[in-house]
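Novice: Right, I'll just put the structure down here and ask away after.
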Amino acid sequence: MDKYGVVGNPIQHSLSPQIHQAFSKQTQQNLSYEKYLVELSEFEITIKDFQRSNFKGLNITVPFKERAFAICDELSIRAKLAGAVNTILFEDTGKIYGDNTDGIGLLRDISINHNFSLENKAVLLVGAGGAARGIIKPIIDAKPKILTITNRTYKKAEHLANEFAQLLNITIESLPFSDITQCYDCIINATAMGLENAAFPLSGKIISNDCCCYDMVYNKQTSFLKWAKANEASLILDGLGMLVEQAAESFYLWRGVRPNTKDILKHCF
Ligand code: ATR
């Protein structure tokens, strides 16, 4: 039986084993998938151990995505652009191939599962860390009219916008910003903020009449989701759909078979 798994720290709440086990049942692929807690100081050595133990692939989660990027022998274009790897494939040649399926997972969830197109829309990305970097290229590919990045540390937003400047003229705002000149049709929270009790630091006036508010965190009532609800955003989503979609893309890379994610989202969660 081919072996796969997810590594992270912490890892106990990960839903990835449940998702991949459902995928394998649905597609009749004979594989195992478990979660593994890896000590912060032992990530690189543990990955080599998995490879020696004939694992076929791994998912990588917080806080190891950048370190996974650094140990890969080959990288997909989307992993290079994200600067982070969430999916590893151990090749028969002994090489480690790294991919990043987070961005495509988010876009598939918004555009396919929820039928919400970003084309010609005004999009606000809140955050400029690893999570934001991982989704920016697929957002640009979806052809928004406006893309703004807002971040507590302005310089990081500026840096991220500059990196993608050849593809789109990205505007930048500090966080919070009060000079509201633009309403947004899609607001994506890619920050770690909101698990504490502080209010989300933006005016509800930036929410357009037909706005999708998306938190990349799942299974938590974040201050962003509460803010979206209080301001009556028309579509409010957490990151569960993205989690299932990024998993499906990893599964496809490993097995060459694409699971039916709608079925899994409907029946498993
Ligand atoms: P991740 O890989 O999850 O993106 P990260 O690279 O550490 O983690 O980035 C965390 C993001 O959350 C950053 O955009 C960070 O803002 P700064 O760049 O200013 O640090 C944002 N963040 C975390 N806690 C926050 C808070 N309490 N208020 C506002 N932004 C916060």
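Residues in the structure tokens are numbered from 1 in each chain, the chains being A, B, ... in the order shown, and ligands are numbered from 1 in the order shown.
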Against ligand 1, which residues of chain A fall within 8 Å? For each one I want the closest pair of atoms and the distance in Å (one decimal), counting only C-alpha atoms and all ligand atoms, rows by chain and increasing residue number, as JSON lines.
Specialist:
```
{"residue": "A:Val62", "atom": "CA", "partner": "ligand 1", "partner_atom_place_in_ligand_line": "2 (O)", "distance": 7.1}
{"residue": "A:Pro63", "atom": "CA", "partner": "ligand 1", "partner_atom_place_in_ligand_line": "2 (O)", "distance": 7.2}
{"residue": "A:Lys65", "atom": "CA", "partner": "ligand 1", "partner_atom_place_in_ligand_line": "2 (O)", "distance": 8.0}
{"residue": "A:Val126", "atom": "CA", "partner": "ligand 1", "partner_atom_place_in_ligand_line": "14 (O)", "distance": 7.1}
{"residue": "A:Gly127", "atom": "CA", "partner": "ligand 1", "partner_atom_place_in_ligand_line": "14 (O)", "distance": 3.5}
{"residue": "A:Ala128", "atom": "CA", "partner": "ligand 1", "partner_atom_place_in_ligand_line": "14 (O)", "distance": 4.1}
{"residue": "A:Gly129", "atom": "CA", "partner": "ligand 1", "partner_atom_place_in_ligand_line": "6 (O)", "distance": 3.3}
{"residue": "A:Gly130", "atom": "CA", "partner": "ligand 1", "partner_atom_place_in_ligand_line": "2 (O)", "distance": 3.6}
{"residue": "A:Ala131", "atom": "CA", "partner": "ligand 1", "partner_atom_place_in_ligand_line": "4 (O)", "distance": 3.7}
{"residue": "A:Ala132", "atom": "CA", "partner": "ligand 1", "partner_atom_place_in_ligand_line": "4 (O)", "distance": 5.8}
{"residue": "A:Arg133", "atom": "CA", "partner": "ligand 1", "partner_atom_place_in_ligand_line": "4 (O)", "distance": 7.6}
{"residue": "A:Asn151", "atom": "CA", "partner": "ligand 1", "partner_atom_place_in_ligand_line": "14 (O)", "distance": 5.6}
{"residue": "A:Arg152", "atom": "CA", "partner": "ligand 1", "partner_atom_place_in_ligand_line": "19 (O)", "distance": 3.8}
{"residue": "A:Thr153", "atom": "CA", "partner": "ligand 1", "partner_atom_place_in_ligand_line": "19 (O)", "distance": 3.7}
{"residue": "A:Tyr154", "atom": "CA", "partner": "ligand 1", "partner_atom_place_in_ligand_line": "19 (O)", "distance": 7.2}
{"residue": "A:Lys156", "atom": "CA", "partner": "ligand 1", "partner_atom_place_in_ligand_line": "18 (O)", "distance": 5.9}
{"residue": "A:Ala157", "atom": "CA", "partner": "ligand 1", "partner_atom_place_in_ligand_line": "18 (O)", "distance": 7.6}
{"residue": "A:Leu175", "atom": "CA", "partner": "ligand 1", "partner_atom_place_in_ligand_line": "29 (C)", "distance": 7.3}
{"residue": "A:Ala190", "atom": "CA", "partner": "ligand 1", "partner_atom_place_in_ligand_line": "4 (O)", "distance": 6.2}
{"residue": "A:Thr191", "atom": "CA", "partner": "ligand 1", "partner_atom_place_in_ligand_line": "12 (O)", "distance": 3.4}
{"residue": "A:Ala192", "atom": "CA", "partner": "ligand 1", "partner_atom_place_in_ligand_line": "12 (O)", "distance": 4.3}
{"residue": "A:Met193", "atom": "CA", "partner": "ligand 1", "partner_atom_place_in_ligand_line": "25 (C)", "distance": 4.2}
{"residue": "A:Gly194", "atom": "CA", "partner": "ligand 1", "partner_atom_place_in_ligand_line": "27 (N)", "distance": 7.1}
```
Novice: Do you have, as CSV, the list of residues of range 53-156 of chain A lying at most 12 Å from range 249-256 of chain A, each with its nearest atom pair and that distance in Å to one decimal, counting only C-alpha atoms and ordered by chain then number?
Specialist:
```
residue,atom,partner,partner_atom,distance
A:Phe55,CA,A:Trp254,CA,11.2
A:Lys56,CA,A:Trp254,CA,7.6
A:Gly57,CA,A:Trp254,CA,7.0
A:Leu58,CA,A:Ser250,CA,8.9
A:Asn59,CA,A:Ser250,CA,7.8
A:Ile60,CA,A:Ser250,CA,10.8
A:Ser76,CA,A:Leu253,CA,11.1
A:Val85,CA,A:Ser250,CA,11.0
A:Asn86,CA,A:Ser250,CA,8.5
A:Thr87,CA,A:Ser250,CA,6.2
A:Ile88,CA,A:Ser250,CA,8.5
A:Leu89,CA,A:Trp254,CA,6.8
A:Phe90,CA,A:Trp254,CA,9.3
A:Glu91,CA,A:Trp254,CA,10.0
A:Tyr97,CA,A:Leu253,CA,10.5
A:Gly98,CA,A:Ser250,CA,10.4
A:Asp99,CA,A:Ser250,CA,8.2
A:Asn100,CA,A:Ser250,CA,8.4
A:Thr101,CA,A:Glu249,CA,6.1
A:Asp102,CA,A:Glu249,CA,8.8
A:Gly103,CA,A:Glu249,CA,10.4
A:Ile104,CA,A:Glu249,CA,8.0
A:Gly105,CA,A:Glu249,CA,7.2
A:Leu106,CA,A:Glu249,CA,11.1
A:Leu107,CA,A:Glu249,CA,11.8
A:Arg108,CA,A:Glu249,CA,10.0
A:Asp109,CA,A:Glu249,CA,11.9
```
Novice: Find the residues around Phe69 in chain A up to 8 Å (only C-alpha atoms counted), leave out those fewer than 2 positions away in its own chain, and share them as a list of chain:residue names.
Specialist: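 Near Phe69 in chain A, the qualifying residues are A:Lys65, A:Glu66, A:Arg67, A:Ile71, A:Cys72, A:Leu75, A:Ala79, A:Gly83, A:Ala84, A:Val85, A:Gly98.
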Novice: Mind checking which residues fall within 7 Å of Lys145 in chain A, counting only C-alpha atoms, ignoring those fewer than 3 positions away in the same chain, and posting them as a PyMOL selection string?
Specialist: chain A and resi 119-122
Novice: Enumerate as JSON, numbers by chain all residues of range 139-236 of chain A assigned to alpha helix (DSSP H) by DSSP on the backbone, naming them with the chain letters and numbers the document uses.
Specialist: {"A": [139, 140, 141, 154, 155, 156, 157, 158, 159, 160, 161, 162, 163, 223, 224, 225, 226, 227, 228, 229, 230]}
Novice: Using only C-alpha atoms, determine which residues lie at most 10 Å from range 32-37 of chain A, disregarding the query and same-chain residues fewer than 6 positions distant; provide the list as a VMD selection string.
Specialist: chain A and resid 1 to 21 24 43 55 57 to 60
Novice: Residues as selected, N, CA and C atoms, written as a compact mmCIF listing (two decimals), in the first residue's frame, can you do that?
Specialist:
```txt
# COMPACT_ATOMS: atom_id res chain seq x y z
N MET A 1 0.84 -1.20 0.00
CA MET A 1 0.00 0.00 0.00
C MET A 1 0.89 1.26 0.00
N ASP A 2 0.61 2.21 -0.88
CA ASP A 2 1.42 3.42 -0.95
C ASP A 2 1.15 4.32 0.26
N LYS A 3 2.24 4.89 0.79
CA LYS A 3 2.12 5.66 2.04
C LYS A 3 2.26 7.17 1.78
N TYR A 4 1.34 7.92 2.41
CA TYR A 4 1.35 9.38 2.36
C TYR A 4 1.07 9.92 3.75
N GLY A 5 1.21 11.23 3.93
CA GLY A 5 0.89 11.81 5.22
C GLY A 5 1.01 13.31 5.21
N VAL A 6 0.67 13.92 6.34
CA VAL A 6 0.83 15.36 6.50
C VAL A 6 1.73 15.60 7.71
N VAL A 7 2.69 16.51 7.57
CA VAL A 7 3.56 16.83 8.69
C VAL A 7 3.39 18.30 9.08
N GLY A 8 3.40 18.55 10.37
CA GLY A 8 3.27 19.92 10.87
C GLY A 8 3.52 19.94 12.36
N ASN A 9 3.40 21.14 12.93
CA ASN A 9 3.53 21.29 14.38
C ASN A 9 2.84 22.58 14.79
N PRO A 10 1.65 22.58 15.36
CA PRO A 10 0.90 21.40 15.81
C PRO A 10 0.22 20.68 14.63
N ILE A 11 -0.30 19.48 14.89
CA ILE A 11 -0.93 18.71 13.82
C ILE A 11 -2.21 18.00 14.29
N GLN A 12 -2.45 17.99 15.60
CA GLN A 12 -3.55 17.13 16.11
C GLN A 12 -4.91 17.46 15.51
N HIS A 13 -5.15 18.76 15.13
CA HIS A 13 -6.49 19.12 14.63
C HIS A 13 -6.61 19.00 13.10
N SER A 14 -5.56 18.52 12.45
CA SER A 14 -5.59 18.46 10.98
C SER A 14 -6.70 17.54 10.47
N LEU A 15 -7.44 18.03 9.47
CA LEU A 15 -8.49 17.21 8.85
C LEU A 15 -7.98 16.48 7.61
N SER A 16 -6.71 16.69 7.27
CA SER A 16 -6.18 16.12 6.02
C SER A 16 -6.30 14.59 5.96
N PRO A 17 -6.01 13.83 7.05
CA PRO A 17 -6.18 12.38 6.95
C PRO A 17 -7.61 11.99 6.58
N GLN A 18 -8.58 12.64 7.22
CA GLN A 18 -9.99 12.35 6.91
C GLN A 18 -10.29 12.62 5.43
N ILE A 19 -9.79 13.75 4.93
CA ILE A 19 -10.05 14.14 3.54
C ILE A 19 -9.42 13.14 2.57
N HIS A 20 -8.13 12.84 2.80
CA HIS A 20 -7.44 11.94 1.86
C HIS A 20 -7.95 10.51 1.94
N GLN A 21 -8.35 10.09 3.14
CA GLN A 21 -8.93 8.75 3.24
C GLN A 21 -10.26 8.69 2.49
N SER A 24 -9.42 8.50 -1.22
CA SER A 24 -8.91 7.20 -1.67
C SER A 24 -10.04 6.19 -1.77
N PHE A 43 12.79 18.88 11.23
CA PHE A 43 12.00 18.79 9.99
C PHE A 43 12.78 18.13 8.85
N PHE A 55 7.87 6.37 1.59
CA PHE A 55 6.65 7.17 1.41
C PHE A 55 6.64 7.70 -0.02
N GLY A 57 4.63 10.44 -0.89
CA GLY A 57 4.44 11.89 -0.87
C GLY A 57 3.99 12.39 0.49
N LEU A 58 4.09 13.71 0.68
CA LEU A 58 3.68 14.31 1.95
C LEU A 58 3.00 15.65 1.69
N ASN A 59 2.08 15.99 2.57
CA ASN A 59 1.64 17.38 2.66
C ASN A 59 2.41 18.03 3.80
N ILE A 60 2.68 19.32 3.61
CA ILE A 60 3.45 20.06 4.60
C ILE A 60 2.58 21.20 5.10
```
Novice: So which residues touch Leu124 in chain A within 8 Å, counting only C-alpha atoms, skipping near sequence neighbours fewer than 6 positions away, as a list in words?
Specialist: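 Final neighbour list, sorted by chain and number: Leu147, Thr148, Ile149, Thr150, Tyr184, Cys186, Ile187 and Ile188 of chain A.
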